[in-house]
>>> print(open('work.tsv').read())   # TSV, C-alpha atoms
chain	number	residue	atom	x	y	z
S	1	MET	CA	14.81	-29.03	11.85
S	2	GLU	CA	14.35	-30.68	8.47
S	3	THR	CA	16.40	-28.90	5.79
S	4	LEU	CA	16.92	-28.89	2.04
S	5	ALA	CA	19.84	-27.28	0.18
S	6	LEU	CA	19.73	-26.69	-3.58
S	7	GLN	CA	21.90	-24.93	-6.15
S	8	ILE	CA	19.51	-23.33	-8.66
S	9	MET	CA	19.57	-20.04	-10.63
S	10	ASN	CA	23.25	-19.63	-9.68
S	11	THR	CA	21.92	-19.33	-6.14
S	12	GLU	CA	22.25	-21.38	-2.98
S	13	PHE	CA	18.74	-22.19	-1.76
S	14	TYR	CA	18.19	-23.32	1.82
S	15	ILE	CA	14.82	-24.39	3.20
S	16	ALA	CA	14.22	-25.11	6.89
S	17	MET	CA	11.09	-26.88	8.18
S	18	PRO	CA	10.00	-28.63	11.39
S	19	LYS	CA	11.04	-32.25	11.80
S	20	GLY	CA	8.46	-34.86	10.89
S	21	VAL	CA	6.60	-33.04	8.13
S	22	HIS	CA	5.60	-34.93	4.98
S	23	PHE	CA	8.72	-35.80	2.99
S	24	LEU	CA	7.18	-35.02	-0.43
S	25	TRP	CA	7.61	-31.27	0.20
S	26	LYS	CA	11.27	-31.56	-0.83
S	27	GLU	CA	10.41	-33.06	-4.21
S	28	LYS	CA	7.75	-30.44	-4.91
S	29	ALA	CA	9.97	-27.55	-3.79
S	30	ASN	CA	12.79	-28.73	-6.03
S	31	LYS	CA	10.44	-29.22	-9.00
S	32	TRP	CA	8.95	-25.70	-8.63
S	33	LEU	CA	12.32	-23.94	-8.37
S	34	GLN	CA	13.75	-25.95	-11.28
S	35	TYR	CA	10.75	-24.99	-13.40
S	36	VAL	CA	11.20	-21.26	-12.67
S	37	ALA	CA	14.94	-21.47	-13.38
S	38	LYS	CA	14.36	-23.18	-16.73
S	39	GLU	CA	11.30	-21.40	-18.09
S	40	TRP	CA	11.59	-17.83	-16.72
S	41	SER	CA	15.28	-17.08	-17.30
S	42	ARG	CA	16.42	-14.84	-20.16
S	43	PHE	CA	19.58	-16.96	-20.40
S	44	GLN	CA	17.73	-20.18	-21.28
S	45	PRO	CA	16.88	-20.71	-24.98
S	46	ASN	CA	13.49	-21.89	-26.21
S	47	ASN	CA	11.67	-21.41	-22.93
S	48	GLU	CA	8.39	-19.68	-22.07
S	49	LEU	CA	10.04	-16.30	-21.58
S	50	SER	CA	11.95	-16.45	-24.87
S	51	GLN	CA	8.71	-17.28	-26.70
S	52	LEU	CA	7.20	-14.09	-25.30
S	53	ASN	CA	10.24	-12.00	-26.17
S	54	ASP	CA	10.31	-13.39	-29.71
S	55	LEU	CA	6.77	-12.23	-30.47
S	56	LYS	CA	6.26	-9.58	-33.13
S	57	ILE	CA	4.30	-6.44	-32.25
S	58	GLY	CA	0.59	-7.26	-32.26
S	59	GLU	CA	1.07	-11.00	-31.74
S	60	THR	CA	-0.34	-12.78	-28.69
S	61	LEU	CA	0.67	-15.86	-26.71
S	62	CYS	CA	-1.08	-17.98	-24.10
S	63	ILE	CA	1.37	-18.73	-21.28
S	64	ASN	CA	1.52	-20.74	-18.06
S	65	SER	CA	-0.77	-19.33	-15.35
S	66	MET	CA	2.07	-18.85	-12.85
S	67	LEU	CA	4.28	-16.97	-15.31
S	68	TYR	CA	1.27	-14.85	-16.26
S	69	ASP	CA	0.62	-14.03	-12.59
S	70	CYS	CA	4.30	-13.18	-12.01
S	71	LEU	CA	4.38	-10.86	-15.03
S	72	VAL	CA	1.17	-9.11	-13.99
S	73	GLN	CA	2.63	-8.51	-10.52
S	74	ALA	CA	5.87	-7.18	-12.00
S	75	ASP	CA	3.87	-4.90	-14.30
S	76	THR	CA	1.88	-3.64	-11.31
S	77	TYR	CA	5.14	-2.59	-9.61
S	78	PHE	CA	6.19	-0.95	-12.90
S	79	GLU	CA	3.06	1.20	-12.64
S	80	LEU	CA	3.41	1.83	-8.88
S	81	THR	CA	6.99	3.07	-9.27
S	82	HIS	CA	6.25	5.10	-12.41
S	83	GLY	CA	8.61	2.82	-14.31
S	84	LEU	CA	11.61	3.09	-11.98
S	85	PHE	CA	11.29	-0.64	-11.42
S	86	SER	CA	10.83	-2.32	-14.79
S	87	PRO	CA	10.63	-5.91	-16.01
S	88	TYR	CA	11.14	-4.59	-19.57
S	89	LEU	CA	14.92	-4.11	-19.48
S	90	LYS	CA	16.38	-7.14	-21.26
S	91	LEU	CA	17.70	-5.19	-24.26
S	92	GLN	CA	19.11	-2.47	-22.01
S	93	MET	CA	20.83	-5.04	-19.79
S	94	GLU	CA	22.45	-6.58	-22.84
S	95	GLN	CA	23.62	-3.22	-24.16
S	96	HIS	CA	25.34	-2.62	-20.83
S	97	GLY	CA	27.08	-5.97	-21.24
S	98	TYR	CA	24.95	-8.13	-18.93
S	99	ASN	CA	24.43	-10.79	-21.59
S	100	LEU	CA	26.00	-13.69	-19.70
S	101	SER	CA	24.89	-15.51	-16.59
S	102	PHE	CA	27.00	-14.61	-13.55
S	103	PRO	CA	29.77	-14.96	-12.53
S	104	PHE	CA	31.87	-12.95	-15.02
S	105	VAL	CA	34.17	-9.93	-14.70
S	106	THR	CA	34.44	-8.59	-18.27
S	107	THR	CA	31.99	-8.66	-21.17
S	108	LYS	CA	30.99	-7.11	-24.49
S	109	SER	CA	27.85	-5.18	-25.34
S	110	ASN	CA	25.01	-6.60	-27.41
S	111	ILE	CA	24.09	-3.62	-29.60
S	112	TYR	CA	20.48	-4.01	-30.67
S	113	LYS	CA	18.95	-2.53	-33.75
S	114	ASN	CA	17.51	0.80	-32.59
S	115	ASN	CA	20.27	1.57	-30.06
S	116	SER	CA	17.71	3.34	-27.87
S	117	LEU	CA	17.78	3.07	-24.10
S	118	VAL	CA	14.26	4.48	-23.71
S	119	VAL	CA	12.15	1.92	-21.87
S	120	GLU	CA	8.54	1.25	-22.80
S	121	LYS	CA	5.88	-1.05	-21.46
S	122	SER	CA	6.21	-3.77	-24.06
S	123	PHE	CA	3.36	-6.18	-23.26
S	124	GLN	CA	-0.34	-6.01	-22.49
S	125	PHE	CA	-2.03	-8.60	-20.29
S	126	LEU	CA	-5.39	-9.52	-21.79
S	127	GLY	CA	-6.68	-12.02	-19.21
S	128	ASN	CA	-7.04	-15.79	-19.55
S	129	GLN	CA	-3.21	-16.02	-19.63
S	130	GLN	CA	-3.08	-14.16	-22.96
S	131	VAL	CA	-0.23	-11.67	-23.48
S	132	MET	CA	0.19	-9.30	-26.44
S	133	LYS	CA	3.45	-7.62	-27.46
S	134	VAL	CA	3.00	-3.89	-28.06
S	135	ALA	CA	6.55	-2.46	-28.26
S	136	GLU	CA	10.09	-3.45	-29.22
S	137	GLN	CA	11.21	-4.20	-25.70
S	138	GLU	CA	11.83	-7.54	-24.01
S	139	ILE	CA	11.30	-8.99	-20.55
S	140	ASP	CA	13.97	-9.70	-17.96
S	141	LEU	CA	12.42	-10.74	-14.66
S	142	GLY	CA	15.81	-10.95	-12.93
S	143	GLY	CA	15.67	-11.19	-9.15
S	144	PHE	CA	11.92	-10.53	-9.13
S	145	ALA	CA	11.29	-14.03	-10.48
S	146	LYS	CA	13.30	-15.53	-7.64
S	147	GLY	CA	11.41	-13.47	-5.06
S	148	TYR	CA	8.05	-14.42	-6.54
S	149	ALA	CA	9.03	-18.10	-6.64
S	150	ILE	CA	10.14	-18.07	-3.00
S	151	GLU	CA	7.01	-16.24	-1.86
S	152	LYS	CA	4.68	-18.68	-3.64
S	153	LEU	CA	6.58	-21.70	-2.32
S	154	ALA	CA	6.53	-20.32	1.22
S	155	LYS	CA	2.76	-19.77	1.05
S	156	TRP	CA	2.22	-23.37	-0.10
S	157	LEU	CA	4.51	-24.82	2.57
S	158	GLU	CA	2.86	-22.76	5.32
S	159	GLU	CA	-0.70	-23.63	4.26
S	160	LYS	CA	-0.24	-27.29	3.28
S	161	ILE	CA	2.80	-28.69	5.04
S	162	ALA	CA	4.08	-26.82	8.11
S	163	PRO	CA	1.91	-24.04	9.57
S	164	ASP	CA	4.06	-23.82	12.73
S	165	PHE	CA	7.15	-22.34	11.10
S	166	GLY	CA	9.49	-22.43	8.14
S	167	LEU	CA	12.06	-20.43	6.19
S	168	ILE	CA	13.25	-20.23	2.58
S	169	ASP	CA	16.54	-18.51	1.83
S	170	GLY	CA	17.47	-17.91	-1.80
S	171	GLY	CA	20.89	-16.27	-1.77
S	172	GLY	CA	19.94	-13.89	1.04
S	173	ASP	CA	16.40	-13.19	-0.17
S	174	MET	CA	14.17	-14.84	2.42
S	175	GLN	CA	10.56	-15.52	3.26
S	176	MET	CA	9.78	-16.93	6.70
S	177	TRP	CA	6.74	-17.67	8.83
S	178	SER	CA	5.92	-18.55	12.42
S	179	ALA	CA	2.69	-19.39	14.21
S	180	GLY	CA	4.02	-17.51	17.24
S	181	GLU	CA	6.71	-19.38	19.12
S	182	LYS	CA	9.51	-19.31	16.55
S	183	THR	CA	11.50	-16.09	16.08
S	184	TRP	CA	14.07	-15.85	13.30
S	185	THR	CA	17.22	-13.77	13.59
S	186	ILE	CA	18.29	-12.66	10.12
S	187	GLY	CA	21.77	-11.29	9.57
S	188	VAL	CA	22.73	-8.58	7.08
S	189	ALA	CA	25.96	-9.38	5.23
S	190	ASP	CA	28.85	-6.96	4.94
S	191	VAL	CA	28.95	-5.12	1.61
S	192	TRP	CA	32.43	-6.43	0.80
S	193	ASN	CA	32.40	-9.79	2.61
S	194	ILE	CA	29.28	-11.97	2.53
S	195	ASP	CA	30.67	-14.19	5.30
S	196	LYS	CA	30.63	-11.27	7.76
S	197	GLU	CA	27.49	-9.78	9.31
S	198	ILE	CA	27.15	-6.05	10.01
S	199	SER	CA	23.62	-6.05	11.45
S	200	SER	CA	20.60	-8.26	12.09
S	201	ILE	CA	16.85	-8.11	12.46
S	202	LYS	CA	14.44	-10.37	14.37
S	203	MET	CA	11.29	-11.50	12.57
S	204	LYS	CA	8.50	-14.02	13.08
S	205	THR	CA	6.66	-13.79	9.76
S	206	GLY	CA	7.79	-11.72	6.79
S	207	ALA	CA	10.47	-11.35	4.16
S	208	ILE	CA	13.78	-9.65	3.53
S	209	ALA	CA	15.59	-8.87	0.28
S	210	THR	CA	19.06	-7.44	-0.29
S	211	SER	CA	20.48	-5.73	-3.38
S	212	ASN	CA	24.20	-5.02	-3.72
S	213	ARG	CA	25.87	-3.18	-6.61
S	214	VAL	CA	29.39	-4.36	-5.68
S	215	PHE	CA	29.17	-8.12	-6.26
S	216	ARG	CA	27.09	-8.13	-9.45
S	217	SER	CA	29.32	-5.74	-11.39
S	218	TRP	CA	31.65	-6.05	-14.38
S	219	MET	CA	33.90	-4.14	-16.78
S	220	LEU	CA	32.57	-3.19	-20.22
S	221	GLY	CA	35.74	-2.04	-21.92
S	222	THR	CA	37.13	0.55	-19.49
S	223	THR	CA	33.74	1.30	-17.89
S	224	LYS	CA	32.52	-0.23	-14.62
S	225	LYS	CA	28.91	-1.43	-14.82
S	226	HIS	CA	26.47	-3.03	-12.39
S	227	HIS	CA	23.08	-4.72	-12.68
S	228	LEU	CA	20.86	-2.00	-11.20
S	229	LEU	CA	19.27	0.10	-13.94
S	230	ASN	CA	16.91	3.05	-13.82
S	231	GLY	CA	13.76	1.66	-15.41
S	232	GLN	CA	12.75	5.06	-16.78
S	233	THR	CA	15.98	5.57	-18.73
S	234	GLY	CA	17.63	2.16	-19.07
S	235	GLU	CA	20.86	3.61	-17.69
S	236	VAL	CA	23.02	2.16	-14.91
S	237	VAL	CA	22.12	3.89	-11.63
S	238	GLU	CA	24.68	6.37	-10.34
S	239	THR	CA	24.42	6.38	-6.56
S	240	ASN	CA	26.45	6.35	-3.35
S	241	VAL	CA	24.29	3.43	-2.09
S	242	LEU	CA	26.34	0.23	-1.99
S	243	GLN	CA	23.78	-2.16	-0.52
S	244	ALA	CA	20.16	-2.09	0.61
S	245	SER	CA	18.23	-4.61	2.70
S	246	VAL	CA	14.45	-4.27	2.99
S	247	ALA	CA	12.15	-6.26	5.27
S	248	THR	CA	8.40	-6.34	4.57
S	249	PRO	CA	5.57	-8.90	4.84
S	250	SER	CA	5.96	-9.71	1.12
S	251	LEU	CA	9.19	-10.73	-0.60
S	252	CYS	CA	8.02	-9.18	-3.88
S	253	ASP	CA	7.54	-5.87	-2.05
S	254	ALA	CA	10.98	-6.28	-0.51
S	255	GLU	CA	12.62	-7.04	-3.88
S	256	VAL	CA	11.20	-3.91	-5.47
S	257	GLY	CA	11.78	-1.81	-2.37
S	258	ALA	CA	15.45	-2.79	-2.21
S	259	LYS	CA	15.97	-1.60	-5.79
S	260	LEU	CA	14.18	1.69	-5.07
S	261	CYS	CA	16.73	2.36	-2.32
S	262	PHE	CA	19.26	2.94	-5.12
S	263	LEU	CA	16.89	5.13	-7.15
S	264	LEU	CA	15.07	7.45	-4.74
S	265	GLU	CA	16.20	10.07	-2.25
S	266	GLU	CA	15.40	9.39	1.39
S	267	ALA	CA	12.25	11.53	1.62
S	268	GLU	CA	10.76	10.00	-1.56
S	269	LEU	CA	11.73	6.53	-0.37
S	270	GLN	CA	10.04	7.02	2.99
S	271	GLN	CA	6.90	8.24	1.24
S	272	TRP	CA	6.83	5.25	-1.11
S	273	PHE	CA	7.12	2.72	1.71
S	274	GLU	CA	4.49	4.49	3.81
S	275	LYS	CA	2.09	4.45	0.88
S	276	ASN	CA	2.71	0.96	-0.50
S	277	CYS	CA	3.76	-1.31	2.43
S	278	MET	CA	1.89	-2.01	5.66
S	279	LYS	CA	5.16	-2.39	7.51
S	280	SER	CA	8.77	-2.12	6.41
S	281	ALA	CA	12.32	-1.81	7.68
S	282	ARG	CA	15.33	-0.87	5.57
S	283	PHE	CA	19.08	-0.91	6.15
S	284	ILE	CA	20.96	1.11	3.53
S	285	VAL	CA	24.74	1.12	3.35
S	286	LYS	CA	26.20	4.21	1.66
S	287	GLU	CA	29.78	5.11	0.82
S	288	GLY	CA	31.49	6.61	3.86
S	289	GLN	CA	28.36	6.55	6.04
S	290	THR	CA	27.13	4.47	8.97
S	291	ALA	CA	23.98	2.49	8.21
S	292	THR	CA	20.98	2.37	10.55
S	293	TRP	CA	17.56	0.74	10.35
S	294	ARG	CA	14.64	2.93	9.22
S	295	MET	CA	11.08	1.75	9.85
S	296	THR	CA	7.63	2.52	8.47
S	297	GLY	CA	4.29	1.32	9.82
S	298	VAL	CA	5.88	-0.01	13.02
S	299	ASN	CA	4.76	1.31	16.40
>>> encode(input="work.tsv", output="structure tokens")
Amino acid sequence: METLALQIMNTEFYIAMPKGVHFLWKEKANKWLQYVAKEWSRFQPNNELSQLNDLKIGETLCINSMLYDCLVQADTYFELTHGLFSPYLKLQMEQHGYNLSFPFVTTKSNIYKNNSLVVEKSFQFLGNQQVMKVAEQEIDLGGFAKGYAIEKLAKWLEEKIAPDFGLIDGGGDMQMWSAGEKTWTIGVADVWNIDKEISSIKMKTGAIATSNRVFRSWMLGTTKKHHLLNGQTGEVVETNVLQASVATPSLCDAEVGAKLCFLLEEAELQQWFEKNCMKSARFIVKEGQTATWRMTGVN
């Protein structure tokens, strides 16, 4: 296979394609991922996202069509999950001490002016790439941006470069495709040791995303924090779930679904997947429990 390895967004990216495909795909893949890392990160100053966040209430901005599309998709999931998943959590993340780019182990809080953790929908999408700020909240796309970027790149590679098969792995969040012959075996990493696998799933075409509250955690004073927040309250999720892996046709669905595994009880979770995903499989590791795969939409 032809492969490409990149270090972008503090993430190891790995792309696998058939041998002999047009070499320019590597340049375009690198350019796309570098663009997302630079312009859509809340840690980068003076980028497209910061221009949006710096708007005053009532002001509008015309943004890049891809960022607009990504934000509209994220907002759609905000509505579908009744705000449990939210792209409007930048200020809340900072108040919990997540104001540095990983890795770090201790941090200080950024206390913002109203000290409120109540989350609101802070932007309206007016069409023609126009966005208006409507509340004092700010955007943090987080892992959703990575999932969206991978999904869009995979679609382009499949349609334009290599319809037979291919795979993109961005730090364990993967989108893959196969015209029929190729089957991918995807391992699920151990909660405490990413070099060890505790399960696997076979897929031809689809996506898988994993969220883990152990690795992306830190100390804020004497309090342990992690990066998974309840989008309705802005508070760090209290749960016995340590890690969740979700496989669906869409990586954006999988990204959101993996976060919901920390936020919903099993019956509500099953209902959400049955309603919103054609097919899904999830592998949830809880404290002191044995994890098993749970499917929806699969005969």
>>> atom_distance(input="work.tsv", atom1="CA of Leu260 (chain S)", atom2="CA of Asn110 (chain S)")
26.2 Å
>>> residues_around(input="work.tsv", residues="region 237-245 of chain S", least_positions_apart="6", cutoff="8 Å", atoms="all atoms listed in the file", output="PyMOL selection string")
chain S and resi 188+191+208-214+228-230+258-259+261-263+282-287
>>> atom_distance(input="work.tsv", atom1="CA of Gly172 (chain S)", atom2="CA of Glu265 (chain S)")
24.5 Å
>>> residues_around(input="work.tsv", residues="Trp156 (chain S)", least_positions_apart="2", cutoff="12 Å", atoms="all atoms listed in the file", output="list in words")
Trp25, Lys28, Ala29, Trp32, Ala149, Ile150, Glu151, Lys152, Leu153, Ala154, Glu158, Glu159, Lys160, Ile161, Ala162, Pro163, Gly166, Ile168, Gln175 and Trp177 of chain S
>>> atom_distance(input="work.tsv", atom1="CA of Leu269 (chain S)", atom2="CA of Leu141 (chain S)")
22.4 Å
>>> build_atoms(input="work.tsv", residues="region 57-72 of chain S", atoms="N, CA, C and O atoms", output="PDB file, in the frame of the given file")
ATOM      1  N   ILE S  57       5.304  -7.380 -32.756  1.00  0.00           N
ATOM      2  CA  ILE S  57       4.300  -6.440 -32.250  1.00  0.00           C
ATOM      3  C   ILE S  57       2.930  -6.799 -32.806  1.00  0.00           C
ATOM      4  O   ILE S  57       2.758  -7.019 -34.009  1.00  0.00           O
ATOM      5  N   GLY S  58       1.960  -6.900 -31.882  1.00  0.00           N
ATOM      6  CA  GLY S  58       0.590  -7.260 -32.260  1.00  0.00           C
ATOM      7  C   GLY S  58       0.276  -8.727 -32.089  1.00  0.00           C
ATOM      8  O   GLY S  58      -0.902  -9.102 -32.080  1.00  0.00           O
ATOM      9  N   GLU S  59       1.302  -9.573 -31.949  1.00  0.00           N
ATOM     10  CA  GLU S  59       1.070 -11.000 -31.740  1.00  0.00           C
ATOM     11  C   GLU S  59       0.753 -11.295 -30.281  1.00  0.00           C
ATOM     12  O   GLU S  59       1.187 -10.572 -29.376  1.00  0.00           O
ATOM     13  N   THR S  60       0.015 -12.373 -30.042  1.00  0.00           N
ATOM     14  CA  THR S  60      -0.340 -12.780 -28.690  1.00  0.00           C
ATOM     15  C   THR S  60       0.139 -14.202 -28.421  1.00  0.00           C
ATOM     16  O   THR S  60       0.382 -14.981 -29.345  1.00  0.00           O
ATOM     17  N   LEU S  61       0.252 -14.530 -27.131  1.00  0.00           N
ATOM     18  CA  LEU S  61       0.670 -15.860 -26.710  1.00  0.00           C
ATOM     19  C   LEU S  61      -0.050 -16.214 -25.430  1.00  0.00           C
ATOM     20  O   LEU S  61      -0.183 -15.367 -24.525  1.00  0.00           O
ATOM     21  N   CYS S  62      -0.501 -17.464 -25.335  1.00  0.00           N
ATOM     22  CA  CYS S  62      -1.080 -17.980 -24.100  1.00  0.00           C
ATOM     23  C   CYS S  62       0.019 -18.663 -23.308  1.00  0.00           C
ATOM     24  O   CYS S  62       0.686 -19.568 -23.820  1.00  0.00           O
ATOM     25  N   ILE S  63       0.250 -18.223 -22.075  1.00  0.00           N
ATOM     26  CA  ILE S  63       1.370 -18.730 -21.280  1.00  0.00           C
ATOM     27  C   ILE S  63       0.886 -19.418 -20.014  1.00  0.00           C
ATOM     28  O   ILE S  63      -0.295 -19.357 -19.657  1.00  0.00           O
ATOM     29  N   ASN S  64       1.805 -20.068 -19.334  1.00  0.00           N
ATOM     30  CA  ASN S  64       1.520 -20.740 -18.060  1.00  0.00           C
ATOM     31  C   ASN S  64       0.918 -19.743 -17.060  1.00  0.00           C
ATOM     32  O   ASN S  64       1.315 -18.585 -16.989  1.00  0.00           O
ATOM     33  N   SER S  65      -0.046 -20.217 -16.279  1.00  0.00           N
ATOM     34  CA  SER S  65      -0.770 -19.330 -15.350  1.00  0.00           C
ATOM     35  C   SER S  65       0.149 -18.689 -14.318  1.00  0.00           C
ATOM     36  O   SER S  65      -0.057 -17.528 -13.923  1.00  0.00           O
ATOM     37  N   MET S  66       1.176 -19.411 -13.857  1.00  0.00           N
ATOM     38  CA  MET S  66       2.070 -18.850 -12.850  1.00  0.00           C
ATOM     39  C   MET S  66       2.973 -17.773 -13.445  1.00  0.00           C
ATOM     40  O   MET S  66       3.214 -16.731 -12.830  1.00  0.00           O
ATOM     41  N   LEU S  67       3.484 -17.997 -14.650  1.00  0.00           N
ATOM     42  CA  LEU S  67       4.280 -16.970 -15.310  1.00  0.00           C
ATOM     43  C   LEU S  67       3.419 -15.742 -15.585  1.00  0.00           C
ATOM     44  O   LEU S  67       3.863 -14.601 -15.408  1.00  0.00           O
ATOM     45  N   TYR S  68       2.192 -15.963 -16.015  1.00  0.00           N
ATOM     46  CA  TYR S  68       1.270 -14.850 -16.260  1.00  0.00           C
ATOM     47  C   TYR S  68       1.082 -14.027 -14.986  1.00  0.00           C
ATOM     48  O   TYR S  68       1.166 -12.792 -15.002  1.00  0.00           O
ATOM     49  N   ASP S  69       0.833 -14.709 -13.867  1.00  0.00           N
ATOM     50  CA  ASP S  69       0.620 -14.030 -12.590  1.00  0.00           C
ATOM     51  C   ASP S  69       1.871 -13.246 -12.178  1.00  0.00           C
ATOM     52  O   ASP S  69       1.785 -12.104 -11.716  1.00  0.00           O
ATOM     53  N   CYS S  70       3.040 -13.852 -12.351  1.00  0.00           N
ATOM     54  CA  CYS S  70       4.300 -13.180 -12.010  1.00  0.00           C
ATOM     55  C   CYS S  70       4.487 -11.919 -12.843  1.00  0.00           C
ATOM     56  O   CYS S  70       4.864 -10.861 -12.325  1.00  0.00           O
ATOM     57  N   LEU S  71       4.216 -12.011 -14.139  1.00  0.00           N
ATOM     58  CA  LEU S  71       4.380 -10.860 -15.030  1.00  0.00           C
ATOM     59  C   LEU S  71       3.387  -9.750 -14.698  1.00  0.00           C
ATOM     60  O   LEU S  71       3.740  -8.565 -14.729  1.00  0.00           O
ATOM     61  N   VAL S  72       2.166 -10.123 -14.367  1.00  0.00           N
ATOM     62  CA  VAL S  72       1.170  -9.110 -13.990  1.00  0.00           C
ATOM     63  C   VAL S  72       1.605  -8.395 -12.712  1.00  0.00           C
ATOM     64  O   VAL S  72       1.483  -7.166 -12.602  1.00  0.00           O
TER      65      VAL S  72
END
